[in-house]
file run_12.txt (compact mmCIF, C-alpha atoms (C1' of nucleotides))
# COMPACT_ATOMS: atom_id res chain seq x y z
CA MET O 1 72.74 -55.43 -59.20
CA PHE O 2 69.55 -53.53 -58.60
CA SER O 3 66.29 -54.06 -56.79
CA ILE O 4 62.92 -55.04 -58.11
CA GLY O 5 61.73 -51.47 -57.70
CA GLU O 6 64.59 -50.23 -59.88
CA LEU O 7 63.86 -52.91 -62.45
CA SER O 8 60.22 -51.94 -62.39
CA LYS O 9 61.08 -48.32 -63.06
CA GLN O 10 63.58 -49.09 -65.81
CA ALA O 11 61.38 -51.57 -67.62
CA LYS O 12 58.10 -49.82 -66.88
CA VAL O 13 56.57 -53.04 -65.65
CA LYS O 14 54.79 -53.11 -62.30
CA ILE O 15 56.41 -54.91 -59.41
CA PRO O 16 53.64 -57.47 -58.85
CA THR O 17 53.74 -58.23 -62.56
CA ILE O 18 57.47 -58.98 -62.38
CA ARG O 19 56.90 -61.33 -59.47
CA TYR O 20 54.02 -62.88 -61.38
CA TYR O 21 56.24 -63.50 -64.40
CA GLU O 22 58.76 -65.18 -62.18
CA SER O 23 56.09 -67.30 -60.55
CA ILE O 24 54.87 -68.68 -63.86
CA GLY O 25 58.38 -69.30 -65.10
CA LEU O 26 58.55 -66.55 -67.70
CA LEU O 27 61.43 -64.96 -65.85
CA ALA O 28 64.13 -67.08 -64.30
CA PRO O 29 64.13 -66.88 -60.48
CA ALA O 30 66.11 -63.83 -59.48
CA GLU O 31 69.16 -63.91 -57.30
CA ARG O 32 68.49 -62.94 -53.70
CA THR O 33 70.20 -60.91 -51.04
CA GLU O 34 70.95 -62.30 -47.60
CA GLY O 35 67.63 -60.87 -46.56
CA ASN O 36 65.76 -62.62 -49.39
CA GLN O 37 65.20 -59.63 -51.64
CA ARG O 38 65.47 -59.99 -55.42
CA ARG O 39 68.48 -58.53 -57.19
CA TYR O 40 68.72 -58.10 -60.94
CA THR O 41 71.38 -57.48 -63.54
CA ALA O 42 71.21 -55.84 -66.96
CA GLU O 43 70.41 -59.27 -68.34
CA GLY O 44 67.22 -59.45 -66.31
CA LEU O 45 66.23 -56.03 -67.57
CA GLU O 46 66.77 -57.14 -71.13
CA ARG O 47 64.69 -60.23 -70.66
CA LEU O 48 61.89 -58.27 -69.08
CA GLY O 49 62.05 -55.76 -71.92
CA PHE O 50 61.65 -58.59 -74.38
CA ILE O 51 58.60 -59.87 -72.54
CA LYS O 52 57.07 -56.45 -72.27
CA HIS O 53 57.55 -55.70 -75.91
CA ALA O 54 56.07 -59.03 -76.95
CA ARG O 55 53.09 -58.55 -74.64
CA GLU O 56 52.47 -55.13 -76.15
CA LEU O 57 52.44 -56.79 -79.53
CA GLY O 58 49.68 -59.05 -78.25
CA PHE O 59 51.64 -62.27 -77.85
CA SER O 60 50.22 -64.51 -75.17
CA VAL O 61 52.39 -65.50 -72.25
CA GLU O 62 52.44 -68.98 -73.71
CA SER O 63 53.77 -67.75 -77.05
CA ILE O 64 56.38 -65.73 -75.26
CA SER O 65 57.50 -68.85 -73.43
CA SER O 66 57.97 -70.48 -76.82
CA LEU O 67 59.90 -67.49 -78.11
CA ILE O 68 62.19 -67.55 -75.10
CA GLU O 69 62.80 -71.23 -75.56
CA LEU O 70 63.62 -70.58 -79.20
CA GLN O 71 66.21 -68.04 -78.15
CA GLU O 72 68.04 -70.81 -76.37
CA HIS O 73 68.10 -73.08 -79.41
CA PRO O 74 69.28 -70.88 -82.25
CA ASP O 75 69.34 -73.64 -84.88
CA ARG O 76 65.68 -73.92 -85.90
CA SER O 77 64.64 -70.78 -84.13
CA CYS O 78 64.30 -68.40 -87.02
CA TYR O 79 61.73 -70.40 -88.91
CA GLU O 80 59.61 -71.08 -85.85
CA ALA O 81 59.88 -67.57 -84.50
CA THR O 82 58.80 -66.18 -87.83
CA GLU O 83 55.86 -68.54 -87.80
CA LEU O 84 54.82 -67.37 -84.35
CA ALA O 85 55.05 -63.77 -85.50
CA GLU O 86 52.97 -64.52 -88.56
CA THR O 87 50.32 -66.28 -86.53
CA GLN O 88 50.20 -63.23 -84.32
CA LEU O 89 49.95 -60.98 -87.35
CA ARG O 90 47.02 -62.95 -88.72
CA ALA O 91 45.26 -62.71 -85.36
CA VAL O 92 45.82 -58.96 -85.23
CA ARG O 93 44.47 -58.52 -88.73
CA ALA O 94 41.39 -60.58 -87.96
CA LYS O 95 40.78 -58.49 -84.88
CA ILE O 96 41.09 -55.29 -86.88
CA ARG O 97 38.56 -56.50 -89.43
CA GLN O 98 36.15 -57.36 -86.65
CA LEU O 99 36.58 -54.03 -84.91
CA ARG O 100 36.08 -52.16 -88.16
CA SER O 101 32.68 -53.69 -88.61
CA LEU O 102 31.80 -52.86 -85.03
CA GLU O 103 32.97 -49.33 -85.64
CA GLN O 104 30.65 -48.97 -88.58
CA GLU O 105 27.67 -50.25 -86.71
CA LEU O 106 28.35 -48.17 -83.62
CA ALA O 107 28.83 -45.06 -85.74
CA ARG O 108 25.54 -45.71 -87.47
CA ILE O 109 23.78 -46.40 -84.19
CA SER O 110 25.02 -43.41 -82.30
CA THR O 111 24.23 -40.90 -85.00
CA GLY O 112 20.80 -42.45 -85.46
CA CYS O 113 19.16 -40.25 -82.87
CA SER O 114 20.56 -37.05 -81.53
CA GLY O 115 20.78 -36.56 -77.82
CA ASP O 116 18.80 -33.35 -77.95
CA ASP O 117 15.79 -34.92 -79.47
CA VAL O 118 14.45 -36.85 -76.51
CA SER O 119 11.95 -39.04 -78.23
CA GLU O 120 10.25 -42.07 -76.82
CA ASN O 121 12.05 -44.42 -79.17
CA CYS O 122 15.74 -44.20 -78.77
CA TYR O 123 17.43 -45.51 -81.86
CA VAL O 124 20.45 -46.73 -79.90
CA LEU O 125 18.34 -48.93 -77.72
CA SER O 126 16.17 -50.28 -80.49
CA ALA O 127 19.20 -50.94 -82.66
CA LEU O 128 20.70 -52.98 -79.87
CA ALA O 129 17.48 -54.82 -79.22
CA ASN O 130 16.83 -55.60 -82.81
CA HIS O 131 19.57 -57.19 -84.78
CA ASN O 132 17.55 -56.69 -87.98
CA LEU O 133 18.43 -53.01 -87.84
CA CYS O 134 22.02 -54.05 -88.28
CA ASN O 135 23.86 -54.74 -91.51
CA LYS O 136 26.30 -57.30 -90.24
CA ASP O 137 25.87 -60.80 -88.92
CA HIS O 138 28.25 -61.07 -86.06
CA MET U 1 7.25 -71.19 -72.38
CA PHE U 2 10.44 -72.93 -73.33
CA SER U 3 13.43 -74.42 -71.60
CA ILE U 4 16.89 -72.97 -71.17
CA GLY U 5 18.17 -75.34 -73.84
CA GLU U 6 15.63 -73.98 -76.30
CA LEU U 7 16.50 -70.41 -75.35
CA SER U 8 20.16 -71.23 -75.79
CA LYS U 9 19.55 -72.59 -79.28
CA GLN U 10 17.34 -69.67 -80.32
CA ALA U 11 19.62 -66.96 -78.98
CA LYS U 12 22.88 -68.78 -79.77
CA VAL U 13 24.09 -68.16 -76.25
CA LYS U 14 25.48 -71.06 -74.24
CA ILE U 15 23.46 -72.39 -71.32
CA PRO U 16 26.06 -71.65 -68.61
CA THR U 17 26.32 -68.13 -69.96
CA ILE U 18 22.58 -67.64 -69.61
CA ARG U 19 22.71 -68.82 -66.01
CA TYR U 20 25.69 -66.59 -65.44
CA TYR U 21 23.80 -63.58 -66.76
CA GLU U 22 20.97 -64.37 -64.40
CA SER U 23 23.36 -64.76 -61.49
CA ILE U 24 24.85 -61.33 -61.99
CA GLY U 25 21.47 -59.70 -62.46
CA LEU U 26 21.72 -59.00 -66.17
CA LEU U 27 18.74 -61.23 -66.81
CA ALA U 28 15.77 -61.22 -64.46
CA PRO U 29 15.37 -64.52 -62.61
CA ALA U 30 13.46 -66.89 -64.84
CA GLU U 31 10.19 -68.49 -63.89
CA ARG U 32 10.51 -72.07 -62.75
CA THR U 33 8.63 -75.31 -63.23
CA GLU U 34 7.46 -77.42 -60.29
CA GLY U 35 10.76 -79.28 -60.63
CA ASN U 36 12.79 -76.05 -60.46
CA GLN U 37 13.75 -75.78 -64.10
CA ARG U 38 13.84 -72.41 -65.83
CA ARG U 39 11.11 -71.52 -68.30
CA TYR U 40 11.29 -68.57 -70.67
CA THR U 41 8.98 -66.55 -72.86
CA ALA U 42 9.60 -64.56 -76.03
CA GLU U 43 10.39 -61.61 -73.80
CA GLY U 44 13.32 -63.41 -72.26
CA LEU U 45 14.61 -64.26 -75.70
CA GLU U 46 14.39 -60.64 -76.71
CA ARG U 47 16.31 -59.50 -73.67
CA LEU U 48 18.99 -62.08 -74.19
CA GLY U 49 19.25 -61.04 -77.82
CA PHE U 50 19.79 -57.46 -76.71
CA ILE U 51 22.55 -58.53 -74.35
CA LYS U 52 24.21 -60.73 -76.93
CA HIS U 53 24.19 -58.02 -79.53
CA ALA U 54 25.59 -55.45 -77.14
CA ARG U 55 28.33 -57.85 -76.02
CA GLU U 56 29.27 -58.48 -79.63
CA LEU U 57 29.63 -54.75 -80.02
CA GLY U 58 32.09 -54.83 -77.16
CA PHE U 59 29.95 -53.26 -74.43
CA SER U 60 30.95 -54.38 -70.97
CA VAL U 61 28.44 -56.16 -68.82
CA GLU U 62 28.34 -53.04 -66.69
CA SER U 63 27.47 -50.82 -69.64
CA ILE U 64 24.78 -53.25 -70.65
CA SER U 65 23.29 -53.01 -67.18
CA SER U 66 23.13 -49.27 -67.65
CA LEU U 67 21.52 -49.66 -71.06
CA ILE U 68 18.90 -52.00 -69.64
CA GLU U 69 18.14 -49.57 -66.85
CA LEU U 70 17.80 -46.82 -69.42
CA GLN U 71 15.24 -48.89 -71.26
CA GLU U 72 13.10 -48.75 -68.19
CA HIS U 73 13.26 -44.95 -67.94
CA PRO U 74 12.51 -43.71 -71.42
CA ASP U 75 12.61 -40.01 -70.53
CA ARG U 76 16.35 -39.26 -70.42
CA SER U 77 17.34 -42.50 -72.02
CA CYS U 78 18.12 -41.37 -75.54
CA TYR U 79 20.79 -38.90 -74.57
CA GLU U 80 22.50 -41.23 -72.15
CA ALA U 81 22.26 -44.23 -74.41
CA THR U 82 23.77 -42.26 -77.25
CA GLU U 83 26.56 -41.22 -74.94
CA LEU U 84 27.28 -44.81 -73.98
CA ALA U 85 27.36 -45.77 -77.62
CA GLU U 86 29.73 -42.94 -78.41
CA THR U 87 32.04 -43.86 -75.57
CA GLN U 88 32.07 -47.36 -76.92
CA LEU U 89 32.78 -46.05 -80.40
CA ARG U 90 35.73 -44.03 -79.18
CA ALA U 91 37.12 -47.08 -77.40
CA VAL U 92 36.76 -49.19 -80.52
CA ARG U 93 38.51 -46.57 -82.63
CA ALA U 94 41.37 -46.30 -80.16
CA LYS U 95 41.75 -50.06 -80.19
CA ILE U 96 41.84 -50.08 -83.98
CA ARG U 97 44.56 -47.45 -84.06
CA GLN U 98 46.61 -49.44 -81.60
CA LEU U 99 46.19 -52.68 -83.51
CA ARG U 100 47.16 -51.01 -86.76
CA SER U 101 50.48 -49.97 -85.34
CA LEU U 102 51.02 -53.50 -84.01
CA GLU U 103 50.13 -54.82 -87.42
CA GLN U 104 52.78 -52.67 -89.04
CA GLU U 105 55.45 -53.70 -86.64
CA LEU U 106 54.57 -57.38 -86.80
CA ALA U 107 54.53 -57.27 -90.58
CA ARG U 108 57.93 -55.64 -90.57
CA ILE U 109 59.28 -58.11 -88.05
CA SER U 110 58.02 -61.25 -89.70
CA THR U 111 59.28 -60.37 -93.17
CA GLY U 112 62.63 -59.32 -91.74
CA CYS U 113 64.16 -62.75 -92.01
CA SER U 114 62.87 -65.58 -94.11
CA GLY U 115 62.29 -68.94 -92.53
CA ASP U 116 64.52 -70.70 -95.03
CA ASP U 117 67.58 -68.72 -94.20
CA VAL U 118 68.51 -70.25 -90.88
CA SER U 119 71.01 -67.73 -89.67
CA GLU U 120 72.28 -67.29 -86.19
CA ASN U 121 70.56 -63.98 -85.71
CA CYS U 122 66.84 -64.26 -86.09
CA TYR U 123 65.40 -60.86 -86.83
CA VAL U 124 62.11 -61.72 -85.14
CA LEU U 125 63.83 -62.46 -81.87
CA SER U 126 66.17 -59.51 -81.97
CA ALA U 127 63.34 -57.17 -82.92
CA LEU U 128 61.43 -58.35 -79.92
CA ALA U 129 64.41 -58.09 -77.66
CA ASN U 130 65.43 -54.68 -78.83
CA HIS U 131 62.81 -52.02 -78.84
CA ASN U 132 65.16 -49.70 -80.73
CA LEU U 133 64.52 -51.74 -83.86
CA CYS U 134 60.94 -50.62 -83.63
CA ASN U 135 59.39 -47.43 -84.96
CA LYS U 136 56.67 -47.00 -82.43
CA ASP U 137 56.74 -46.24 -78.78
CA HIS U 138 54.03 -48.36 -77.25
C1' DT G 1 3.04 -97.39 -66.49
C1' DA G 2 7.92 -98.34 -66.28
C1' DT G 3 12.15 -97.36 -67.85
C1' DA G 4 15.76 -95.18 -70.21
C1' DA G 5 17.77 -91.29 -72.35
C1' DT G 6 18.33 -86.67 -72.30
C1' DA G 7 18.09 -82.22 -70.16
C1' DT G 8 18.43 -79.57 -66.34
C1' DC G 9 19.75 -78.21 -61.56
C1' DT G 10 23.41 -76.23 -58.10
C1' DC G 11 27.91 -75.77 -56.76
C1' DT G 12 32.75 -75.31 -57.13
C1' DA G 13 36.82 -74.44 -59.58
C1' DG G 14 39.41 -72.89 -63.53
C1' DC G 15 40.94 -69.77 -67.41
C1' DG G 16 44.42 -65.57 -68.62
C1' DA G 17 47.02 -61.94 -67.08
C1' DC G 18 47.32 -59.58 -63.88
C1' DT G 19 46.09 -56.35 -59.46
C1' DA G 20 45.28 -55.27 -54.56
C1' DG G 21 45.81 -55.84 -49.82
C1' DA G 22 47.30 -57.77 -45.26
C1' DG G 23 50.80 -58.52 -42.26
C1' DG G 24 55.58 -59.05 -41.68
C1' DT G 25 60.84 -58.24 -42.83
C1' DT G 26 64.92 -55.79 -44.77
C1' DC G 27 67.33 -52.14 -46.46
C1' DA G 28 69.50 -47.44 -46.73
C1' DA G 29 69.73 -42.66 -45.18
C1' DG G 30 70.50 -39.56 -41.58
C1' DC F 1 70.56 -46.71 -34.20
C1' DT F 2 66.40 -45.36 -35.60
C1' DT F 3 63.12 -44.48 -38.91
C1' DG F 4 60.65 -44.94 -43.07
C1' DA F 5 60.55 -46.64 -47.52
C1' DA F 6 60.93 -50.67 -50.01
C1' DC F 7 60.62 -55.34 -50.01
C1' DC F 8 58.76 -60.21 -48.86
C1' DT F 9 54.89 -64.02 -49.16
C1' DC F 10 50.32 -65.24 -49.36
C1' DT F 11 45.54 -64.96 -50.39
C1' DA F 12 41.84 -63.23 -52.83
C1' DG F 13 39.73 -60.42 -56.36
C1' DT F 14 39.08 -58.81 -61.29
C1' DC F 15 36.18 -59.96 -65.99
C1' DG F 16 33.36 -62.83 -68.61
C1' DC F 17 32.73 -66.69 -69.01
C1' DT F 18 33.55 -72.24 -69.26
C1' DA F 19 33.90 -76.99 -67.48
C1' DG F 20 32.89 -80.63 -64.52
C1' DA F 21 30.70 -83.36 -60.65
C1' DG F 22 26.89 -85.27 -58.81
C1' DA F 23 21.97 -84.97 -58.26
C1' DT F 24 17.23 -84.29 -60.05
C1' DA F 25 13.55 -83.50 -63.77
C1' DT F 26 11.45 -84.15 -67.98
C1' DT F 27 10.27 -86.59 -72.12
C1' DA F 28 10.03 -90.44 -75.38
C1' DT F 29 9.50 -94.98 -76.13
C1' DA F 30 8.31 -99.91 -74.92
call {"tool": "encode", "arguments": {"input": "run_12.txt", "output": "structure tokens"}}
result
Amino acid sequence: MFSIGELSKQAKVKIPTIRYYESIGLLAPAERTEGNQRRYTAEGLERLGFIKHARELGFSVESISSLIELQEHPDRSCYEATELAETQLRAVRAKIRQLRSLEQELARISTGCSGDDVSENCYVLSALANHNLCNKDH
Amino acid sequence: MFSIGELSKQAKVKIPTIRYYESIGLLAPAERTEGNQRRYTAEGLERLGFIKHARELGFSVESISSLIELQEHPDRSCYEATELAETQLRAVRAKIRQLRSLEQELARISTGCSGDDVSENCYVLSALANHNLCNKDH
DNA sequence: TATAATATCTCTAGCGACTAGAGGTTCAAG
DNA sequence: CTTGAACCTCTAGTCGCTAGAGATATTATA
């Protein structure tokens, strides 16, 4: 039985975030002391670790709710959990593709004019103003 | 002189977003008709295009404000604008690195157990629960 | 010119996922 | 038993929009 501060330290999740997770139903309501303070067990730490890990992998809170529900119904869970993970993977890959094209354009833009050469036409600014100077259609 | 709807169509930026940009000072207040409706010129379209493009490149609204200010002071602008672009580039590259490691882990997780094999232990769920099953330390 | 349809106006509230702060209570160490 | 750190709830703020209500303006047609 440890306090929310201890849990926060162990799980590396901020205290207000823990309370927030409880408030939206992602964490079950914690047990309380006489004086109304939250007390947790190893189980709570595990659950919070799960949530943290999933968040770091980019799952939305909603998806995590689904995953937690799946944990409670082990029959169909594997198929659906794998599907959720694959959806997440597709989203991550799409995001990477998008960022790569941004990277290219930004790299091109920022090497376009050197900082030393203080000319009247800054290539960065004109590249931003004028989409024609850009390869991609985002 | 065209309406906000026309501007929206031309710039491919939604009407509420245009009003929002005006409200936070990113766009100068538009001229108005007798009946209080906004009217724009080609200049407004250009500015909005600049903003849109910069947003698509991931610049924050705050950075865009800076860029717009720089446009008005062409003397030091090139150096500072290039710096902003480079900062943005670094952020994009960091984000890509992070997403790549997520991609790897998600790929590993979601191929770990096939959906058909409905076992009691779903690898997706245990991988999420147990950070030790993961290569990275995020 | 009258009317109807469409477009616009302002204002408020909501989204996701937290974060920060005020003002008050409880716990644990000395 | 006192003190100070940790905890409590509640409200409001963050960012970058988006949605809706209810009122007014413009434009096209009859």
call {"tool": "atom_distance", "arguments": {"input": "run_12.txt", "atom1": "CA of Arg19 (chain U)", "atom2": "C1' of DA28 (chain F)"}}
result
26.8 Å
call {"tool": "closest_atom_pairs", "arguments": {"input": "run_12.txt", "of": "region 41-131 of chain U", "to": "region 3-24 of chain F", "cutoff": "12 Å", "atoms": "only C-alpha atoms (C1' of nucleotides)", "output": "JSON lines"}}
result
{"residue": "U:Arg55", "atom": "CA", "partner": "F:DG16", "partner_atom": "C1'", "distance": 10.2}
{"residue": "U:Gly58", "atom": "CA", "partner": "F:DG16", "partner_atom": "C1'", "distance": 11.8}
{"residue": "U:Phe59", "atom": "CA", "partner": "F:DG16", "partner_atom": "C1'", "distance": 11.7}
{"residue": "U:Ser60", "atom": "CA", "partner": "F:DG16", "partner_atom": "C1'", "distance": 9.1}
{"residue": "U:Val61", "atom": "CA", "partner": "F:DG16", "partner_atom": "C1'", "distance": 8.3}
{"residue": "U:Glu62", "atom": "CA", "partner": "F:DC15", "partner_atom": "C1'", "distance": 10.5}
call {"tool": "atom_distance", "arguments": {"input": "run_12.txt", "atom1": "CA of Ile96 (chain U)", "atom2": "CA of Lys95 (chain O)"}}
result
8.5 Å
call {"tool": "calpha_fit_and_write", "arguments": {"input": "run_12.txt", "fixed": "chain U", "moving": "chain O", "output": "mmCIF file with C-alpha atoms, keeping the file's coordinate frame"}}
result
data_model
loop_
_atom_site.group_PDB
_atom_site.id
_atom_site.type_symbol
_atom_site.label_atom_id
_atom_site.label_comp_id
_atom_site.auth_asym_id
_atom_site.auth_seq_id
_atom_site.Cartn_x
_atom_site.Cartn_y
_atom_site.Cartn_z
ATOM 1 C CA MET O 1 7.370 -71.254 -72.511
ATOM 2 C CA PHE O 2 10.582 -72.978 -73.436
ATOM 3 C CA SER O 3 13.586 -74.407 -71.669
ATOM 4 C CA ILE O 4 17.016 -72.973 -71.182
ATOM 5 C CA GLY O 5 18.365 -75.321 -73.827
ATOM 6 C CA GLU O 6 15.841 -73.990 -76.343
ATOM 7 C CA LEU O 7 16.688 -70.428 -75.385
ATOM 8 C CA SER O 8 20.351 -71.224 -75.768
ATOM 9 C CA LYS O 9 19.787 -72.568 -79.257
ATOM 10 C CA GLN O 10 17.563 -69.694 -80.351
ATOM 11 C CA ALA O 11 19.797 -66.967 -78.994
ATOM 12 C CA LYS O 12 23.074 -68.733 -79.708
ATOM 13 C CA VAL O 13 24.265 -68.115 -76.184
ATOM 14 C CA LYS O 14 25.658 -70.995 -74.144
ATOM 15 C CA ILE O 15 23.626 -72.347 -71.271
ATOM 16 C CA PRO O 16 26.160 -71.599 -68.521
ATOM 17 C CA THR O 17 26.423 -68.070 -69.873
ATOM 18 C CA ILE O 18 22.658 -67.590 -69.556
ATOM 19 C CA ARG O 19 22.763 -68.794 -65.971
ATOM 20 C CA TYR O 20 25.738 -66.527 -65.373
ATOM 21 C CA TYR O 21 23.831 -63.524 -66.707
ATOM 22 C CA GLU O 22 20.987 -64.325 -64.390
ATOM 23 C CA SER O 23 23.330 -64.707 -61.450
ATOM 24 C CA ILE O 24 24.822 -61.257 -61.923
ATOM 25 C CA GLY O 25 21.439 -59.669 -62.449
ATOM 26 C CA LEU O 26 21.720 -58.966 -66.160
ATOM 27 C CA LEU O 27 18.754 -61.204 -66.823
ATOM 28 C CA ALA O 28 15.779 -61.194 -64.514
ATOM 29 C CA PRO O 29 15.370 -64.506 -62.645
ATOM 30 C CA ALA O 30 13.478 -66.876 -64.888
ATOM 31 C CA GLU O 31 10.207 -68.476 -63.992
ATOM 32 C CA ARG O 32 10.534 -72.062 -62.813
ATOM 33 C CA THR O 33 8.666 -75.288 -63.285
ATOM 34 C CA GLU O 34 7.460 -77.376 -60.367
ATOM 35 C CA GLY O 35 10.725 -79.223 -60.649
ATOM 36 C CA ASN O 36 12.787 -76.015 -60.485
ATOM 37 C CA GLN O 37 13.769 -75.779 -64.131
ATOM 38 C CA ARG O 38 13.895 -72.397 -65.874
ATOM 39 C CA ARG O 39 11.191 -71.521 -68.372
ATOM 40 C CA TYR O 40 11.391 -68.593 -70.759
ATOM 41 C CA THR O 41 9.075 -66.587 -72.957
ATOM 42 C CA ALA O 42 9.717 -64.616 -76.137
ATOM 43 C CA GLU O 43 10.458 -61.651 -73.908
ATOM 44 C CA GLY O 44 13.389 -63.449 -72.325
ATOM 45 C CA LEU O 45 14.714 -64.302 -75.758
ATOM 46 C CA GLU O 46 14.504 -60.683 -76.784
ATOM 47 C CA ARG O 47 16.331 -59.531 -73.713
ATOM 48 C CA LEU O 48 19.052 -62.086 -74.208
ATOM 49 C CA GLY O 49 19.356 -61.052 -77.845
ATOM 50 C CA PHE O 50 19.854 -57.482 -76.739
ATOM 51 C CA ILE O 51 22.602 -58.517 -74.350
ATOM 52 C CA LYS O 52 24.294 -60.687 -76.908
ATOM 53 C CA HIS O 53 24.263 -58.010 -79.530
ATOM 54 C CA ALA O 54 25.647 -55.426 -77.129
ATOM 55 C CA ARG O 55 28.378 -57.803 -75.974
ATOM 56 C CA GLU O 56 29.363 -58.424 -79.580
ATOM 57 C CA LEU O 57 29.666 -54.693 -79.986
ATOM 58 C CA GLY O 58 32.129 -54.711 -77.105
ATOM 59 C CA PHE O 59 29.948 -53.186 -74.406
ATOM 60 C CA SER O 60 30.928 -54.308 -70.942
ATOM 61 C CA VAL O 61 28.395 -56.090 -68.792
ATOM 62 C CA GLU O 62 28.299 -52.980 -66.657
ATOM 63 C CA SER O 63 27.420 -50.763 -69.615
ATOM 64 C CA ILE O 64 24.754 -53.199 -70.641
ATOM 65 C CA SER O 65 23.255 -52.979 -67.171
ATOM 66 C CA SER O 66 23.065 -49.225 -67.663
ATOM 67 C CA LEU O 67 21.470 -49.644 -71.070
ATOM 68 C CA ILE O 68 18.863 -51.998 -69.666
ATOM 69 C CA GLU O 69 18.089 -49.584 -66.891
ATOM 70 C CA LEU O 70 17.715 -46.833 -69.467
ATOM 71 C CA GLN O 71 15.181 -48.931 -71.321
ATOM 72 C CA GLU O 72 13.005 -48.815 -68.249
ATOM 73 C CA HIS O 73 13.144 -45.033 -67.972
ATOM 74 C CA PRO O 74 12.417 -43.770 -71.461
ATOM 75 C CA ASP O 75 12.482 -40.067 -70.555
ATOM 76 C CA ARG O 76 16.209 -39.281 -70.463
ATOM 77 C CA SER O 77 17.233 -42.527 -72.039
ATOM 78 C CA CYS O 78 18.031 -41.411 -75.539
ATOM 79 C CA TYR O 79 20.669 -38.899 -74.588
ATOM 80 C CA GLU O 80 22.395 -41.226 -72.154
ATOM 81 C CA ALA O 81 22.188 -44.242 -74.408
ATOM 82 C CA THR O 82 23.709 -42.266 -77.231
ATOM 83 C CA GLU O 83 26.482 -41.192 -74.913
ATOM 84 C CA LEU O 84 27.204 -44.782 -73.941
ATOM 85 C CA ALA O 85 27.317 -45.751 -77.600
ATOM 86 C CA GLU O 86 29.672 -42.904 -78.374
ATOM 87 C CA THR O 87 31.973 -43.815 -75.525
ATOM 88 C CA GLN O 88 32.031 -47.326 -76.892
ATOM 89 C CA LEU O 89 32.747 -46.017 -80.368
ATOM 90 C CA ARG O 90 35.687 -43.979 -79.125
ATOM 91 C CA ALA O 91 37.078 -47.034 -77.342
ATOM 92 C CA VAL O 92 36.731 -49.138 -80.480
ATOM 93 C CA ARG O 93 38.482 -46.522 -82.567
ATOM 94 C CA ALA O 94 41.330 -46.239 -80.091
ATOM 95 C CA LYS O 95 41.721 -49.991 -80.135
ATOM 96 C CA ILE O 96 41.825 -50.025 -83.920
ATOM 97 C CA ARG O 97 44.543 -47.385 -83.987
ATOM 98 C CA GLN O 98 46.577 -49.397 -81.520
ATOM 99 C CA LEU O 99 46.158 -52.632 -83.432
ATOM 100 C CA ARG O 100 47.123 -50.948 -86.679
ATOM 101 C CA SER O 101 50.454 -49.949 -85.263
ATOM 102 C CA LEU O 102 50.983 -53.454 -83.954
ATOM 103 C CA GLU O 103 50.100 -54.781 -87.369
ATOM 104 C CA GLN O 104 52.747 -52.650 -88.984
ATOM 105 C CA GLU O 105 55.421 -53.706 -86.587
ATOM 106 C CA LEU O 106 54.531 -57.383 -86.759
ATOM 107 C CA ALA O 107 54.473 -57.258 -90.551
ATOM 108 C CA ARG O 108 57.889 -55.654 -90.568
ATOM 109 C CA ILE O 109 59.233 -58.139 -88.047
ATOM 110 C CA SER O 110 57.973 -61.267 -89.683
ATOM 111 C CA THR O 111 59.204 -60.408 -93.142
ATOM 112 C CA GLY O 112 62.565 -59.391 -91.711
ATOM 113 C CA CYS O 113 64.038 -62.853 -91.996
ATOM 114 C CA SER O 114 62.693 -65.623 -94.120
ATOM 115 C CA GLY O 115 62.095 -68.987 -92.577
ATOM 116 C CA ASP O 116 64.266 -70.735 -95.122
ATOM 117 C CA ASP O 117 67.326 -68.792 -94.286
ATOM 118 C CA VAL O 118 68.214 -70.312 -90.942
ATOM 119 C CA SER O 119 70.753 -67.835 -89.748
ATOM 120 C CA GLU O 120 72.104 -67.482 -86.268
ATOM 121 C CA ASN O 121 70.437 -64.130 -85.747
ATOM 122 C CA CYS O 122 66.745 -64.362 -86.122
ATOM 123 C CA TYR O 123 65.330 -60.959 -86.856
ATOM 124 C CA VAL O 124 62.045 -61.760 -85.118
ATOM 125 C CA LEU O 125 63.767 -62.526 -81.879
ATOM 126 C CA SER O 126 66.145 -59.603 -81.986
ATOM 127 C CA ALA O 127 63.338 -57.243 -82.921
ATOM 128 C CA LEU O 128 61.421 -58.389 -79.886
ATOM 129 C CA ALA O 129 64.434 -58.133 -77.644
ATOM 130 C CA ASN O 130 65.428 -54.739 -78.832
ATOM 131 C CA HIS O 131 62.831 -52.061 -78.849
ATOM 132 C CA ASN O 132 65.217 -49.769 -80.753
ATOM 133 C CA LEU O 133 64.548 -51.824 -83.862
ATOM 134 C CA CYS O 134 60.973 -50.675 -83.617
ATOM 135 C CA ASN O 135 59.461 -47.481 -84.962
ATOM 136 C CA LYS O 136 56.748 -47.014 -82.405
ATOM 137 C CA ASP O 137 56.821 -46.254 -78.718
ATOM 138 C CA HIS O 138 54.129 -48.363 -77.227
#
call {"tool": "closest_atom_pairs", "arguments": {"input": "run_12.txt", "of": "chain U", "to": "chain F", "cutoff": "9 Å", "atoms": "all atoms listed in the file", "output": "JSON lines"}}
result
{"residue": "U:Pro16", "atom": "CA", "partner": "F:DT18", "partner_atom": "C1'", "distance": 7.5}
{"residue": "U:Thr17", "atom": "CA", "partner": "F:DC17", "partner_atom": "C1'", "distance": 6.6}
{"residue": "U:Tyr20", "atom": "CA", "partner": "F:DC17", "partner_atom": "C1'", "distance": 7.9}
{"residue": "U:Gly35", "atom": "CA", "partner": "F:DA25", "partner_atom": "C1'", "distance": 6.0}
{"residue": "U:Asn36", "atom": "CA", "partner": "F:DA25", "partner_atom": "C1'", "distance": 8.2}
{"residue": "U:Gln37", "atom": "CA", "partner": "F:DA25", "partner_atom": "C1'", "distance": 7.7}
{"residue": "U:Val61", "atom": "CA", "partner": "F:DG16", "partner_atom": "C1'", "distance": 8.3}
